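Here is entry-v8.cif, consisting of mmCIF, C-alpha atoms and all ligand atoms:
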data_input
loop_
_atom_site.group_PDB
_atom_site.id
_atom_site.type_symbol
_atom_site.label_atom_id
_atom_site.label_comp_id
_atom_site.auth_asym_id
_atom_site.auth_seq_id
_atom_site.Cartn_x
_atom_site.Cartn_y
_atom_site.Cartn_z
ATOM 1 C CA MET L 1 -1.950 -34.133 29.917
ATOM 2 C CA VAL L 2 0.768 -36.455 31.143
ATOM 3 C CA LEU L 3 2.783 -37.072 28.002
ATOM 4 C CA SER L 4 4.873 -39.977 29.131
ATOM 5 C CA GLU L 5 4.546 -42.386 32.019
ATOM 6 C CA GLU L 6 7.381 -44.799 31.350
ATOM 7 C CA PRO L 7 11.092 -44.318 30.785
ATOM 8 C CA SER L 8 11.668 -44.250 27.054
ATOM 9 C CA THR L 9 14.471 -44.102 24.520
ATOM 10 C CA ARG L 10 12.240 -42.820 21.713
ATOM 11 C CA LYS L 11 13.517 -39.865 19.708
ATOM 12 C CA ARG L 12 10.200 -38.064 20.046
ATOM 13 C CA LEU L 13 7.343 -37.822 22.534
ATOM 14 C CA ARG L 14 3.853 -38.198 21.167
ATOM 15 C CA CYS L 15 0.837 -37.035 23.133
ATOM 16 C CA PRO L 16 -1.774 -39.814 23.138
ATOM 17 C CA TYR L 17 -4.623 -37.278 22.991
ATOM 18 C CA HIS L 18 -4.168 -35.393 19.648
ATOM 19 C CA TYR L 19 -0.900 -36.941 18.465
ATOM 20 C CA TRP L 20 1.080 -33.721 18.809
ATOM 21 C CA THR L 21 4.742 -34.690 18.833
ATOM 22 C CA TYR L 22 7.683 -33.119 20.591
ATOM 23 C CA GLU L 23 11.415 -33.445 20.230
ATOM 24 C CA VAL L 24 13.096 -34.674 23.419
ATOM 25 C CA ASP L 25 14.278 -31.080 23.989
ATOM 26 C CA GLY L 26 10.597 -30.096 24.205
ATOM 27 C CA ALA L 27 10.241 -28.417 20.776
ATOM 28 C CA LEU L 28 6.857 -28.962 19.192
ATOM 29 C CA CYS L 29 7.328 -30.715 15.852
ATOM 30 C CA GLY L 30 4.020 -32.272 14.878
ATOM 31 C CA THR L 31 0.450 -30.921 15.019
ATOM 32 C CA PRO L 32 -1.730 -33.011 12.689
ATOM 33 C CA TYR L 33 -4.493 -31.089 10.887
ATOM 34 C CA TRP L 34 -3.505 -27.860 12.673
ATOM 35 C CA ASP L 35 -5.871 -25.715 10.586
ATOM 36 C CA ARG L 36 -8.025 -28.704 9.586
ATOM 37 C CA THR L 37 -5.985 -29.245 6.420
ATOM 38 C CA LYS L 38 -3.558 -32.071 5.903
ATOM 39 C CA GLY L 39 0.120 -31.134 6.426
ATOM 40 C CA SER L 40 -0.682 -27.749 7.998
ATOM 41 C CA ALA L 41 1.392 -26.381 10.871
ATOM 42 C CA PRO L 42 1.416 -23.314 13.126
ATOM 43 C CA ASP L 43 3.733 -20.396 12.350
ATOM 44 C CA ASP L 44 7.119 -20.440 14.102
ATOM 45 C CA ALA L 45 6.151 -18.079 16.924
ATOM 46 C CA THR L 46 3.009 -20.059 17.734
ATOM 47 C CA ARG L 47 4.912 -23.329 17.575
ATOM 48 C CA ASP L 48 7.603 -21.973 19.925
ATOM 49 C CA ALA L 49 4.973 -20.752 22.373
ATOM 50 C CA LEU L 50 3.472 -24.251 22.464
ATOM 51 C CA ALA L 51 6.749 -25.999 23.267
ATOM 52 C CA LEU L 52 6.991 -28.018 26.466
ATOM 53 C CA LEU L 53 8.075 -26.055 29.512
ATOM 54 C CA PRO L 54 11.680 -26.605 30.540
ATOM 55 C CA VAL L 55 12.474 -27.637 34.126
ATOM 56 C CA ARG L 56 15.718 -27.218 35.985
ATOM 57 C CA HIS L 57 17.428 -30.532 36.421
ATOM 58 C CA THR L 58 20.781 -32.043 37.249
ATOM 59 C CA GLU L 59 21.979 -35.560 36.635
ATOM 60 C CA TRP L 60 24.049 -36.966 39.444
ATOM 61 C CA ALA L 61 24.740 -40.356 40.994
ATOM 62 C CA GLY L 62 22.228 -42.251 38.887
ATOM 63 C CA MET L 63 19.498 -39.714 39.603
ATOM 64 C CA VAL L 64 17.840 -36.888 37.717
ATOM 65 C CA LEU L 65 17.211 -34.187 40.312
ATOM 66 C CA VAL L 66 14.423 -31.834 39.269
ATOM 67 C CA CYS L 67 13.397 -28.450 40.652
ATOM 68 C CA LEU L 68 9.994 -27.195 39.525
ATOM 69 C CA GLY L 69 10.176 -23.935 41.469
ATOM 70 C CA GLU L 70 12.628 -21.077 41.757
ATOM 71 C CA PRO L 71 15.569 -22.521 43.659
ATOM 72 C CA GLU L 72 17.318 -20.427 46.284
ATOM 73 C CA ARG L 73 20.550 -22.247 45.436
ATOM 74 C CA SER L 74 21.902 -24.075 42.426
ATOM 75 C CA ALA L 75 21.931 -27.858 42.447
ATOM 76 C CA ASP L 76 25.731 -27.703 42.641
ATOM 77 C CA GLU L 77 25.571 -25.651 45.824
ATOM 78 C CA THR L 78 22.946 -27.959 47.299
ATOM 79 C CA LEU L 79 24.941 -31.096 46.529
ATOM 80 C CA ALA L 80 28.365 -29.683 47.450
ATOM 81 C CA PRO L 81 28.533 -31.179 50.986
ATOM 82 C CA LEU L 82 27.688 -34.622 49.643
ATOM 83 C CA ARG L 83 30.051 -34.370 46.675
ATOM 84 C CA GLU L 84 32.794 -33.396 49.088
ATOM 85 C CA ARG L 85 32.056 -36.245 51.488
ATOM 86 C CA TRP L 86 31.910 -38.738 48.633
ATOM 87 C CA ALA L 87 34.865 -37.310 46.691
ATOM 88 C CA PRO L 88 36.937 -40.535 47.177
ATOM 89 C CA VAL L 89 34.164 -42.515 45.455
ATOM 90 C CA ASP L 90 33.985 -42.356 41.677
ATOM 91 C CA LEU L 91 30.252 -42.100 41.021
ATOM 92 C CA GLU L 92 30.905 -42.032 37.278
ATOM 93 C CA ARG L 93 31.411 -45.776 37.651
ATOM 94 C CA LEU L 94 27.835 -46.596 38.648
ATOM 95 C CA HIS L 95 26.281 -49.552 36.872
ATOM 96 C CA LEU L 96 22.568 -50.196 37.429
ATOM 97 C CA ALA L 97 22.315 -53.688 38.947
ATOM 98 C CA ALA L 98 18.563 -53.793 39.574
ATOM 99 C CA GLU L 99 15.558 -51.601 40.181
ATOM 100 C CA ASP L 100 12.072 -52.051 41.568
ATOM 101 C CA ARG L 101 8.939 -50.120 42.404
ATOM 102 C CA TYR L 102 7.037 -50.272 45.687
ATOM 103 C CA GLU L 103 3.582 -49.011 46.505
ATOM 104 C CA VAL L 104 3.215 -48.212 50.171
ATOM 105 C CA ASP L 105 0.011 -47.260 51.979
ATOM 106 C CA ALA L 106 1.709 -44.619 54.058
ATOM 107 C CA ASN L 107 2.411 -40.907 53.951
ATOM 108 C CA TRP L 108 5.756 -39.913 52.427
ATOM 109 C CA LYS L 109 6.913 -38.305 55.667
ATOM 110 C CA LEU L 110 6.696 -41.669 57.416
ATOM 111 C CA VAL L 111 8.799 -43.147 54.601
ATOM 112 C CA VAL L 112 11.504 -40.586 55.370
ATOM 113 C CA GLU L 113 11.193 -40.956 59.129
ATOM 114 C CA ASN L 114 11.527 -44.718 58.854
ATOM 115 C CA PHE L 115 14.565 -44.263 56.633
ATOM 116 C CA LEU L 116 16.130 -41.980 59.260
ATOM 117 C CA ASP L 117 15.165 -44.324 62.098
ATOM 118 C CA PHE L 118 18.285 -46.315 62.881
ATOM 119 C CA TYR L 119 16.799 -47.698 66.090
ATOM 120 C CA HIS L 120 14.509 -50.174 64.290
ATOM 121 C CA LEU L 121 17.230 -51.755 62.155
ATOM 122 C CA PRO L 122 18.134 -54.794 64.318
ATOM 123 C CA PHE L 123 14.500 -55.473 65.188
ATOM 124 C CA VAL L 124 12.848 -55.224 61.775
ATOM 125 C CA HIS L 125 15.926 -56.293 59.810
ATOM 126 C CA PRO L 126 17.678 -58.788 62.115
ATOM 127 C CA GLN L 127 19.663 -60.154 59.166
ATOM 128 C CA VAL L 128 21.694 -56.915 58.929
ATOM 129 C CA GLY L 129 23.375 -57.432 62.293
ATOM 130 C CA PRO L 130 22.805 -57.855 66.019
ATOM 131 C CA ALA L 131 21.140 -55.216 68.163
ATOM 132 C CA ALA L 132 24.440 -54.679 69.974
ATOM 133 C CA ALA L 133 25.935 -53.361 66.702
ATOM 134 C CA ALA L 134 23.161 -50.855 66.060
ATOM 135 C CA PRO L 135 24.433 -48.149 68.446
ATOM 136 C CA ASP L 136 27.532 -47.909 66.243
ATOM 137 C CA ILE L 137 25.685 -45.618 63.889
ATOM 138 C CA GLU L 138 26.383 -41.895 64.118
ATOM 139 C CA ASP L 139 23.916 -39.157 63.245
ATOM 140 C CA VAL L 140 25.265 -36.998 60.421
ATOM 141 C CA VAL L 141 23.840 -33.628 59.445
ATOM 142 C CA LEU L 142 25.703 -32.622 56.283
ATOM 143 C CA ALA L 143 23.490 -29.624 55.564
ATOM 144 C CA ASP L 144 20.026 -28.377 56.564
ATOM 145 C CA ASP L 145 18.545 -30.565 53.846
ATOM 146 C CA ILE L 146 20.981 -33.505 53.831
ATOM 147 C CA LEU L 147 20.291 -35.566 56.918
ATOM 148 C CA GLY L 148 21.192 -39.075 57.901
ATOM 149 C CA GLY L 149 23.710 -41.313 59.529
ATOM 150 C CA CYS L 150 26.837 -43.319 59.073
ATOM 151 C CA TYR L 151 28.209 -46.666 60.173
ATOM 152 C CA PRO L 152 31.889 -45.673 60.211
ATOM 153 C CA ARG L 153 33.047 -49.287 60.307
ATOM 154 C CA GLY L 154 30.082 -50.836 58.565
ATOM 155 C CA ALA L 155 27.475 -52.395 60.809
ATOM 156 C CA ALA L 156 29.746 -54.351 63.156
ATOM 157 C CA GLY L 157 29.061 -58.036 62.980
ATOM 158 C CA LYS L 158 27.164 -57.552 59.756
ATOM 159 C CA ALA L 159 27.241 -60.550 57.454
ATOM 160 C CA ALA L 160 28.852 -60.025 54.051
ATOM 161 C CA LYS L 161 26.139 -59.495 51.461
ATOM 162 C CA THR L 162 27.889 -61.465 48.727
ATOM 163 C CA GLU L 163 30.213 -64.488 48.593
ATOM 164 C CA THR L 164 32.376 -62.966 45.872
ATOM 165 C CA PRO L 165 33.415 -59.482 46.949
ATOM 166 C CA LEU L 166 32.223 -56.786 44.564
ATOM 167 C CA PRO L 167 34.782 -54.305 43.232
ATOM 168 C CA ILE L 168 34.736 -50.879 44.883
ATOM 169 C CA PHE L 169 33.959 -47.568 43.169
ATOM 170 C CA GLY L 170 37.480 -46.537 42.194
ATOM 171 C CA ASP L 171 40.225 -45.602 44.569
ATOM 172 C CA VAL L 172 38.401 -45.530 47.919
ATOM 173 C CA PRO L 173 40.876 -45.148 50.826
ATOM 174 C CA ALA L 174 41.066 -48.168 53.144
ATOM 175 C CA ALA L 175 39.704 -46.171 56.085
ATOM 176 C CA LEU L 176 36.455 -45.525 54.203
ATOM 177 C CA ARG L 177 35.922 -48.960 52.685
ATOM 178 C CA ASP L 178 33.628 -50.236 55.434
ATOM 179 C CA ARG L 179 31.734 -46.997 55.849
ATOM 180 C CA GLN L 180 28.026 -47.003 55.128
ATOM 181 C CA ASP L 181 26.328 -43.656 54.583
ATOM 182 C CA ILE L 182 22.575 -43.202 54.805
ATOM 183 C CA PHE L 183 21.173 -39.821 53.751
ATOM 184 C CA CYS L 184 17.878 -38.170 52.954
ATOM 185 C CA LEU L 185 18.246 -35.419 50.352
ATOM 186 C CA PHE L 186 15.241 -33.414 51.383
ATOM 187 C CA PRO L 187 12.548 -33.862 50.327
ATOM 188 C CA ASN L 188 12.336 -37.046 48.307
ATOM 189 C CA ALA L 189 15.588 -38.870 47.621
ATOM 190 C CA LEU L 190 16.981 -41.466 50.011
ATOM 191 C CA VAL L 191 20.485 -42.745 49.349
ATOM 192 C CA PHE L 192 22.816 -45.395 50.772
ATOM 193 C CA LEU L 193 26.473 -45.601 49.885
ATOM 194 C CA GLU L 194 29.080 -48.225 50.660
ATOM 195 C CA ALA L 195 32.403 -48.578 48.870
ATOM 196 C CA ASP L 196 31.015 -51.264 46.548
ATOM 197 C CA TRP L 197 27.308 -50.453 46.173
ATOM 198 C CA PHE L 198 24.990 -47.493 46.011
ATOM 199 C CA GLN L 199 21.240 -47.470 46.487
ATOM 200 C CA VAL L 200 18.675 -44.791 45.739
ATOM 201 C CA ILE L 201 15.023 -44.597 46.674
ATOM 202 C CA GLY L 202 13.266 -41.737 44.933
ATOM 203 C CA PHE L 203 9.671 -41.491 45.993
ATOM 204 C CA GLU L 204 6.443 -39.867 44.858
ATOM 205 C CA PRO L 205 3.839 -38.801 47.414
ATOM 206 C CA VAL L 206 0.770 -39.796 45.372
ATOM 207 C CA ALA L 207 -1.820 -39.325 48.155
ATOM 208 C CA ALA L 208 -1.890 -38.434 51.849
ATOM 209 C CA ASN L 209 -1.744 -42.141 52.658
ATOM 210 C CA ARG L 210 0.109 -43.466 49.634
ATOM 211 C CA THR L 211 3.693 -43.286 48.408
ATOM 212 C CA VAL L 212 5.322 -44.871 45.391
ATOM 213 C CA GLU L 213 8.990 -45.706 45.842
ATOM 214 C CA HIS L 214 11.414 -46.222 42.968
ATOM 215 C CA MET L 215 14.420 -48.130 44.204
ATOM 216 C CA ALA L 216 17.625 -48.643 42.242
ATOM 217 C CA VAL L 217 20.816 -50.463 43.200
ATOM 218 C CA PHE L 218 24.140 -49.713 41.528
ATOM 219 C CA VAL L 219 27.474 -51.499 41.555
ATOM 220 C CA ASP L 220 30.827 -50.588 40.060
ATOM 221 C CA SER L 221 30.939 -50.707 36.266
ATOM 222 C CA SER L 222 33.668 -53.368 36.451
ATOM 223 C CA ALA L 223 31.086 -55.628 38.147
ATOM 224 C CA SER L 224 28.666 -55.465 35.221
ATOM 225 C CA GLY L 225 29.814 -58.737 33.604
ATOM 226 C CA PRO L 226 28.546 -62.334 33.978
ATOM 227 C CA GLU L 227 31.316 -63.238 36.458
ATOM 228 C CA PHE L 228 29.627 -60.957 38.981
ATOM 229 C CA ALA L 229 26.051 -61.974 38.146
ATOM 230 C CA ASP L 230 25.650 -64.046 41.322
ATOM 231 C CA ALA L 231 27.173 -61.341 43.502
ATOM 232 C CA ARG L 232 24.896 -58.682 41.998
ATOM 233 C CA LYS L 233 21.901 -60.928 42.535
ATOM 234 C CA ALA L 234 22.875 -61.665 46.149
ATOM 235 C CA LEU L 235 23.430 -57.982 46.927
ATOM 236 C CA THR L 236 20.194 -56.799 45.384
ATOM 237 C CA ALA L 237 18.242 -59.621 47.068
ATOM 238 C CA VAL L 238 19.497 -58.421 50.469
ATOM 239 C CA LEU L 239 18.653 -54.786 49.748
ATOM 240 C CA PHE L 240 15.209 -55.521 48.346
ATOM 241 C CA GLU L 241 14.486 -57.778 51.328
ATOM 242 C CA VAL L 242 15.229 -54.890 53.697
ATOM 243 C CA ASN L 243 12.811 -52.652 51.815
ATOM 244 C CA ASP L 244 10.191 -55.421 51.716
ATOM 245 C CA GLN L 245 10.417 -55.649 55.496
ATOM 246 C CA ASP L 246 9.813 -51.909 55.862
ATOM 247 C CA VAL L 247 6.595 -51.817 53.811
ATOM 248 C CA PRO L 248 4.257 -53.484 56.367
ATOM 249 C CA ILE L 249 5.934 -51.494 59.139
ATOM 250 C CA LEU L 250 5.223 -48.246 57.281
ATOM 251 C CA GLU L 251 1.614 -49.245 56.745
ATOM 252 C CA ARG L 252 1.188 -49.959 60.446
ATOM 253 C CA MET L 253 2.820 -46.633 61.266
ATOM 254 C CA GLN L 254 0.313 -44.927 58.961
ATOM 255 C CA ARG L 255 -2.612 -46.617 60.711
ATOM 256 C CA GLY L 256 -1.176 -45.751 64.110
ATOM 257 C CA ARG L 257 -0.600 -42.157 63.041
ATOM 258 C CA SER L 258 -4.318 -41.817 62.268
ATOM 259 C CA SER L 259 -5.088 -42.057 65.969
ATOM 260 C CA PRO L 260 -5.351 -38.805 67.942
ATOM 261 C CA ALA L 261 -3.125 -40.519 70.501
ATOM 262 C CA ALA L 262 -0.297 -40.245 67.959
ATOM 263 C CA ASP L 263 -0.276 -36.452 68.349
ATOM 264 C CA ARG L 264 1.799 -36.956 71.469
ATOM 265 C CA ASN L 265 5.389 -36.619 70.364
ATOM 266 C CA HIS L 266 7.832 -39.198 71.612
ATOM 267 C CA LEU L 267 11.019 -38.390 69.744
ATOM 268 C CA LEU L 268 13.879 -39.766 71.811
ATOM 269 C CA PRO L 269 16.956 -37.763 72.754
ATOM 270 C CA HIS L 270 19.318 -40.606 71.869
ATOM 271 C CA TRP L 271 17.790 -41.847 68.626
ATOM 272 C CA ASP L 272 15.466 -39.403 66.942
ATOM 273 C CA GLN L 273 17.293 -36.115 66.631
ATOM 274 C CA VAL L 274 17.775 -36.427 62.867
ATOM 275 C CA THR L 275 14.051 -37.116 62.566
ATOM 276 C CA ALA L 276 13.393 -34.019 64.677
ATOM 277 C CA ARG L 277 15.390 -31.964 62.157
ATOM 278 C CA PHE L 278 13.429 -33.500 59.319
ATOM 279 C CA GLN L 279 10.170 -32.501 61.022
ATOM 280 C CA VAL L 280 11.441 -28.942 61.391
ATOM 281 C CA LEU L 281 12.216 -28.880 57.641
ATOM 282 C CA VAL L 282 8.724 -30.110 56.823
ATOM 283 C CA ALA L 283 7.147 -27.529 59.119
ATOM 284 C CA ALA L 284 9.255 -24.748 57.563
ATOM 285 C CA ALA L 285 8.306 -25.846 54.033
ATOM 286 C CA LEU L 286 4.612 -25.867 54.990
ATOM 287 C CA GLU L 287 4.898 -22.378 56.487
ATOM 288 C CA GLU L 288 6.536 -21.111 53.313
ATOM 289 C CA GLY L 289 3.564 -22.545 51.451
HETATM 290 FE FE FE D 1 13.842 -50.379 57.873
#

For this file, produce the structure as structure tokens.
Amino acid sequence: MVLSEEPSTRKRLRCPYHYWTYEVDGALCGTPYWDRTKGSAPDDATRDALALLPVRHTEWAGMVLVCLGEPERSADETLAPLRERWAPVDLERLHLAAEDRYEVDANWKLVVENFLDFYHLPFVHPQVGPAAAAPDIEDVVLADDILGGCYPRGAAGKAAKTETPLPIFGDVPAALRDRQDIFCLFPNALVFLEADWFQVIGFEPVAANRTVEHMAVFVDSSASGPEFADARKALTAVLFEVNDQDVPILERMQRGRSSPAADRNHLLPHWDQVTARFQVLVAAALEEG
């Protein structure tokens, strides 16, 4: 039974089926009419055995990263290359500016491939900058499972997203202030970082042809007040617009991918090498079962 489907600040979880209740640490604390008498409860050992199962998780950068299996590495080891790269940015300062949910009629792998596809940016998202600026992006492979790219100087010619500049995340060196990082944390977290905003898309592959995306945009905590309300709104409008533009593209990719003709592989040497690495990761994960 799925116990909870929405984020919640309740002190206890109650199962809608038989009203068993659990503490937020998973301990079972309520079992109405356990032995058919009012106020009855299981003995301690039985109650402990019926507690919710713990899962490994780490909170970082506005995300809760969960591992349901036996990890080969700790979350700290996995995240180390990214923590190191982003060390000048104080991610403790994240303030949630806005979030949204998208339902996309496409396979999750296309969602990732589109995210790693820097070639489409000026064509599908012309507002982010001219096509001539697109080749500025560099492929970056931080680790086997952290793949993406970087605009070292921001997307050249890119319009400012907000009239009032947003404060940056702490003491970011001048040389990194225009940098935009775009990474997939394999398998299902997609992150963008600039000096003054951070965006996460965590997605759920709910069916072979359906993915639910949860998108969140963060700004610096000093930009949480009313004086930055317009800037936050302008920034999030731009970022949501970009994602809105990708949804119909993804759905057309999904329909195209259903054709046997799509089995021909046309990954390009100059644009698609990060995607090629992603496909190798997927293939390896499938082989491992
Ligand atoms: Fe896109």

**Report entry** Spatial neighbours of stretch 117-130 of chain L, 10 Å, only C-alpha atoms, chain gap at least 5 places, as a VMD selection string
**Finding:** chain L and resid 111 to 112 135 to 139 148 to 150 155 to 161 182 238 to 239 241 to 246 249 270 to 275

**Report entry** Shell of 10 Å around L:Asp230, all atoms listed in the file, local chain residues under 3 positions omitted, as a PyMOL selection string
**Finding:** chain L and resi 162-164+226-227+233-236

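Taken over the whole file, the PyMOL selection byres (((chain L and resi 31) around 7) and not hetatm) covers exactly Trp20, Thr21, Cys29, Gly30, Pro32, Tyr33, Trp34 and Ala41 of chain L.
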
Requested in this report: To verify the selection step, state as a list in words which residues the PyMOL selection byres (((chain L and resi 188-201) around 7) and not hetatm) yields on this input.
Outcome: Leu166, Pro167, Ile168, Phe169, Val172, Arg177, Asp178, Arg179, Gln180, Asp181, Ile182, Phe183, Cys184, Leu185, Phe186, Pro187, Gly202, Phe203, Glu213, His214, Met215, Ala216, Val217, Phe218, Val219 and Asp220 of chain L

Query raised in the report: Between L:Arg257, L:Arg277, L:Pro248, L:Leu65, which has the minimum distance to ligand FE 1 (chain D) (counting only C-alpha atoms and all ligand atoms)?
Result: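 Ranked by minimum distance to ligand FE 1 (chain D), first place goes to L:Pro248.
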
Go through the shown structure with the PyMOL selection byres (((chain L and resi 142) around 9) and not hetatm) and write out the matching residues as a PDB file with C-alpha atoms, in the coordinates of the input.
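Result file follows (selection-v5.pdb):
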ATOM      1  CA  PRO L  81      28.533 -31.179  50.986  1.00  0.00           C
ATOM      2  CA  LEU L  82      27.688 -34.622  49.643  1.00  0.00           C
ATOM      3  CA  ARG L  85      32.056 -36.245  51.488  1.00  0.00           C
ATOM      4  CA  VAL L 140      25.265 -36.998  60.421  1.00  0.00           C
ATOM      5  CA  VAL L 141      23.840 -33.628  59.445  1.00  0.00           C
ATOM      6  CA  ALA L 143      23.490 -29.624  55.564  1.00  0.00           C
ATOM      7  CA  ASP L 144      20.026 -28.377  56.564  1.00  0.00           C
ATOM      8  CA  ASP L 145      18.545 -30.565  53.846  1.00  0.00           C
ATOM      9  CA  ILE L 146      20.981 -33.505  53.831  1.00  0.00           C
ATOM     10  CA  LEU L 147      20.291 -35.566  56.918  1.00  0.00           C
ATOM     11  CA  GLY L 148      21.192 -39.075  57.901  1.00  0.00           C
ATOM     12  CA  PHE L 183      21.173 -39.821  53.751  1.00  0.00           C
TER      13      PHE L 183
END

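In this comparison, which uses only C-alpha atoms, the residue of L:Pro16, L:Thr9, L:Ala27, L:Glu70 approaching L:Thr46 most closely is L:Ala27.
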
Report task. Might you pull out every residue within 8 Å of L:Val24, with all atoms listed in the file counted and same-chain residues fewer than 6 positions away left off, and present them as a PyMOL selection string? Result -> chain L and resi 11-13

Write the residues of the selection above to a file with C-alpha atoms, as a short mmCIF file (atom, residue, chain, number, x, y, z; two decimals), keeping the file's coordinate frame.
data_model
loop_
_atom_site.label_atom_id
_atom_site.label_comp_id
_atom_site.auth_asym_id
_atom_site.auth_seq_id
_atom_site.Cartn_x
_atom_site.Cartn_y
_atom_site.Cartn_z
CA LYS L 11 13.52 -39.86 19.71
CA ARG L 12 10.20 -38.06 20.05
CA LEU L 13 7.34 -37.82 22.53
#

Please identify all polymer residues within 10 Å of L:Tyr17, counting all atoms listed in the file, omitting same-chain residues fewer than 5 positions from it, and present them as a PDB file with C-alpha atoms, keeping the file's coordinate frame.
ATOM      1  CA  MET L   1      -1.950 -34.133  29.917  1.00  0.00           C
ATOM      2  CA  VAL L   2       0.768 -36.455  31.143  1.00  0.00           C
ATOM      3  CA  LEU L   3       2.783 -37.072  28.002  1.00  0.00           C
TER       4      LEU L   3
END

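Reported to one decimal place, the separation of atom CA of L:Leu110 from atom FE of ligand FE 1 (chain D) is 11.3 Å.
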
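As for atom CA of L:Val280 and atom CA of L:Arg264, they are spaced 16.1 Å apart.
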
**Report entry** Which residue of L:Ala97, L:Leu176, L:Leu250, L:Cys15 approaches ligand FE 1 (chain D) most closely, using all atoms listed in the file
**Finding:**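 Of L:Ala97, L:Leu176, L:Leu250, L:Cys15, the one nearest ligand FE 1 (chain D) is L:Leu250, counting all atoms listed in the file.
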
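Distance-wise, atom CA of L:Ala223 and atom CA of L:Ala174 end up 19.5 Å apart.
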
Query raised in the report: Within 10 Å of L:Val66, counting all atoms listed in the file, which residues qualify if same-chain residues fewer than 2 places away don't, as a list in words?
Result: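 Non-adjacent residues within range: Val55, Arg56, His57, Thr58, Glu59, Met63, Val64, Leu68, Gly69 and Ala75 of chain L.
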
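For the choices L:Leu52, L:Val247, L:Ala106, L:Cys67, the atom-to-atom distance to ligand FE 1 (chain D) is smallest for L:Val247 when using all atoms listed in the file.
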
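Shortest atom-to-atom contact with ligand FE 1 (chain D) among L:Glu72, L:Asp25, L:Glu113, L:Asp171: L:Glu113, counting only C-alpha atoms and all ligand atoms.
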
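Distances from L:Tyr102, L:Phe228, L:Phe115, L:Phe240 to ligand FE 1 (chain D) were compared using only C-alpha atoms and all ligand atoms, and the smallest one belongs to L:Phe115.
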
Stretch 135-146 of chain L dumped to file, N, CA, C and O atoms, as a PDB file, in the first residue's frame:
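Output (selection_24.pdb):
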ATOM      1  N   PRO L 135      27.410  26.702 -29.826  1.00  0.00           N
ATOM      2  CA  PRO L 135      28.622  25.878 -29.800  1.00  0.00           C
ATOM      3  C   PRO L 135      29.559  26.188 -28.644  1.00  0.00           C
ATOM      4  O   PRO L 135      30.538  25.474 -28.417  1.00  0.00           O
ATOM      5  N   ASP L 136      29.275  27.237 -27.891  1.00  0.00           N
ATOM      6  CA  ASP L 136      30.066  27.584 -26.715  1.00  0.00           C
ATOM      7  C   ASP L 136      30.067  26.507 -25.642  1.00  0.00           C
ATOM      8  O   ASP L 136      30.942  26.453 -24.801  1.00  0.00           O
ATOM      9  N   ILE L 137      29.033  25.688 -25.659  1.00  0.00           N
ATOM     10  CA  ILE L 137      28.899  24.710 -24.576  1.00  0.00           C
ATOM     11  C   ILE L 137      29.951  23.613 -24.704  1.00  0.00           C
ATOM     12  O   ILE L 137      30.317  23.212 -25.814  1.00  0.00           O
ATOM     13  N   GLU L 138      30.463  23.195 -23.547  1.00  0.00           N
ATOM     14  CA  GLU L 138      31.466  22.123 -23.520  1.00  0.00           C
ATOM     15  C   GLU L 138      30.848  20.885 -22.885  1.00  0.00           C
ATOM     16  O   GLU L 138      30.140  20.998 -21.888  1.00  0.00           O
ATOM     17  N   ASP L 139      31.133  19.727 -23.457  1.00  0.00           N
ATOM     18  CA  ASP L 139      30.721  18.480 -22.798  1.00  0.00           C
ATOM     19  C   ASP L 139      31.541  18.316 -21.522  1.00  0.00           C
ATOM     20  O   ASP L 139      32.745  18.589 -21.524  1.00  0.00           O
ATOM     21  N   VAL L 140      30.899  17.870 -20.454  1.00  0.00           N
ATOM     22  CA  VAL L 140      31.623  17.621 -19.205  1.00  0.00           C
ATOM     23  C   VAL L 140      31.198  16.253 -18.672  1.00  0.00           C
ATOM     24  O   VAL L 140      30.015  15.998 -18.482  1.00  0.00           O
ATOM     25  N   VAL L 141      32.191  15.390 -18.483  1.00  0.00           N
ATOM     26  CA  VAL L 141      31.928  14.091 -17.869  1.00  0.00           C
ATOM     27  C   VAL L 141      32.629  14.115 -16.517  1.00  0.00           C
ATOM     28  O   VAL L 141      33.851  13.981 -16.439  1.00  0.00           O
ATOM     29  N   LEU L 142      31.851  14.338 -15.457  1.00  0.00           N
ATOM     30  CA  LEU L 142      32.455  14.474 -14.120  1.00  0.00           C
ATOM     31  C   LEU L 142      32.760  13.116 -13.518  1.00  0.00           C
ATOM     32  O   LEU L 142      33.673  12.968 -12.718  1.00  0.00           O
ATOM     33  N   ALA L 143      31.936  12.141 -13.871  1.00  0.00           N
ATOM     34  CA  ALA L 143      32.099  10.769 -13.380  1.00  0.00           C
ATOM     35  C   ALA L 143      31.291   9.904 -14.327  1.00  0.00           C
ATOM     36  O   ALA L 143      30.544  10.426 -15.156  1.00  0.00           O
ATOM     37  N   ASP L 144      31.410   8.568 -14.207  1.00  0.00           N
ATOM     38  CA  ASP L 144      30.648   7.682 -15.092  1.00  0.00           C
ATOM     39  C   ASP L 144      29.169   8.031 -15.073  1.00  0.00           C
ATOM     40  O   ASP L 144      28.493   7.928 -16.087  1.00  0.00           O
ATOM     41  N   ASP L 145      28.679   8.416 -13.877  1.00  0.00           N
ATOM     42  CA  ASP L 145      27.238   8.638 -13.742  1.00  0.00           C
ATOM     43  C   ASP L 145      26.879  10.097 -13.470  1.00  0.00           C
ATOM     44  O   ASP L 145      25.800  10.381 -12.972  1.00  0.00           O
ATOM     45  N   ILE L 146      27.786  11.010 -13.795  1.00  0.00           N
ATOM     46  CA  ILE L 146      27.470  12.449 -13.729  1.00  0.00           C
ATOM     47  C   ILE L 146      27.914  13.071 -15.051  1.00  0.00           C
ATOM     48  O   ILE L 146      29.090  13.339 -15.271  1.00  0.00           O
TER      49      ILE L 146
END
